[in-house]
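Here is the structure we will look at.
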Amino acid sequence: MVFTGTFEHTIDSKNRLAIPSEIRSQVQREVGIGEGDPICLVVTIGIGRSLSLYTEAGFEQRARELKGLAADRQKLNAFRRVIFSLSQRQELDRQGRLLLPAEMLRRTGLGGQVVLIGVDDHLEVRDRDEWRREVDAVLMDSDDLF
């Protein structure tokens with residue numbers, strides 16, 4: 001599954017994030033669940049001050065990739081321990097909202113105005129203003145890639 005797009009949203013006072021209907025439909029189609037069946041995503045800490053959202057199959061693939069990394073074993077084991085202990089499987093509610101764990105929001109500093117972005121095999125939740133600055137910086141420094 002390939003996720004694309006940028007969606008501006010707000011994390012509400014109950015730590016919920018609305019997942020756009022097009023993303024929900026994509027997950028339903030590709031995972032093979034019916035309309036009205038529960039959609040589950042795995043929420044984990046992402047790069048920098050972000051959260052990563054995976055389908056269950058996508059998260060299992062990420063786990064396999066981590067096992068196969070050619071990295072310092074001690075560092076990799078410590079990283080895996082932290083990532084898997086902080087990760088949580090969350091079911092979207094009937095309104096298509098995802099509960100973001102308070103501890104993860106505290107660790108990332110996320111709250112209020114955010115963007116949900118498609119990043120190939122997963123989605124990321126990022127601070128809206130920080131994301132805009134990052135997009136501007138990357139585009140200004142990528143002339144040789146276009």
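Simple scheme: letters A, B, ... for chains in structure tokens order, numbers from 1 for residues in each chain, numbers from 1 for ligands in the order shown.
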Can you pull out the residues contacting Ser52 (chain A)? Cut-off 6 Å, using only C-alpha atoms, and skip same-chain residues under 3 positions away; I want them as a compact mmCIF listing (two decimals) with C-alpha atoms, in the first residue's frame.
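Everything below was put into selection_11.txt:
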```txt
# COMPACT_ATOMS: atom_id res chain seq x y z
CA VAL A 43 0.62 4.20 15.99
CA THR A 44 4.32 4.54 16.76
CA ILE A 45 6.99 7.17 17.25
CA GLY A 46 8.34 8.51 13.97
CA LEU A 123 1.33 7.98 7.23
CA GLU A 124 3.00 10.58 9.42
```
Distance query region 66-83 of chain A at most 12 Å, only C-alpha atoms, self and fewer than 2 positions along chain excluded, as a list of chain:residue names |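 Answer for this query is A:Val42, A:Val43, A:Thr44, A:Ile45, A:Gly46, A:Ile47, A:Leu51, A:Ser52, A:Phe59, A:Glu60, A:Gln61, A:Arg62, A:Ala63, A:Arg64, A:Ser85, A:Leu86, A:Ser87, A:Gln88, A:Met104.
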Kindly assemble as JSON lines a list of the region 48-92 of chain A residues that lie within 9 Å of region 106-118 of chain A, each paired with its nearest atom pair and their distance in Å to one decimal, using only C-alpha atoms, sorted first by chain and then by ascending residue number.
```
{"residue": "A:Gly48", "atom": "CA", "partner": "A:Thr108", "partner_atom": "CA", "distance": 7.7}
{"residue": "A:Arg49", "atom": "CA", "partner": "A:Thr108", "partner_atom": "CA", "distance": 4.6}
{"residue": "A:Ser50", "atom": "CA", "partner": "A:Thr108", "partner_atom": "CA", "distance": 6.0}
{"residue": "A:Leu51", "atom": "CA", "partner": "A:Thr108", "partner_atom": "CA", "distance": 7.5}
```
Output the selection as a tab-separated table (two decimals), in the first residue's frame - C-alpha atoms for each residue.
```
chain	number	residue	atom	x	y	z
A	48	GLY	CA	11.96	13.67	14.63
A	49	ARG	CA	8.86	15.10	16.24
A	50	SER	CA	6.33	12.94	14.43
A	51	LEU	CA	4.10	9.92	14.76
```
Which of chain A counts as alpha helix (DSSP H) under DSSP, as a VMD selection string please?
-> chain A and resid 21 to 31 56 to 67 73 to 86 102 to 108 128 to 140
Contact residues around Ala18 (chain A) with only C-alpha atoms at 10 Å, ignoring same-chain residues under 2 positions, as a list of chain:residue names |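 Using only C-alpha atoms, the neighbours found are A:Phe7, A:Glu8, A:His9, A:Thr10, A:Ile11, A:Asp12, A:Arg16, A:Pro20, A:Ser21, A:Leu92, A:Asp93, A:Gln95, A:Gly96, A:Arg97, A:Leu98, A:Leu99, A:Leu116.
The gap separating CA of Leu53 (chain A) from CA of Met140 (chain A) is 27.8 Å, in Å to one decimal.
With distances restricted to only C-alpha atoms, A:Gly5 is the closest residue to Asp120 (chain A) from A:Pro101, A:Gly5, A:Pro38, A:Gly32.
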Between A:Asp144, A:Asp121, A:Gly34, A:Ala102, single out the one closest to Glu56 (chain A), counting only C-alpha atoms.
-> A:Asp121
Using only C-alpha atoms, determine which residues lie at most 12 Å from Glu30 (chain A), disregarding the query and same-chain residues fewer than 6 positions distant; provide the list as a list in words.
-> Met1, Val2, Phe3, Ile23, Arg24, Ile39, Thr55, Glu56, Ala57 and Gly58 of chain A
As a VMD selection string, please: all residues of region 24-62 of chain A that backbone DSSP puts in strand (DSSP E or B).
-> chain A and resid 40 to 45 50 to 54
A straight line from CA of Glu35 (chain A) to CA of Leu17 (chain A) spans 20.0 Å
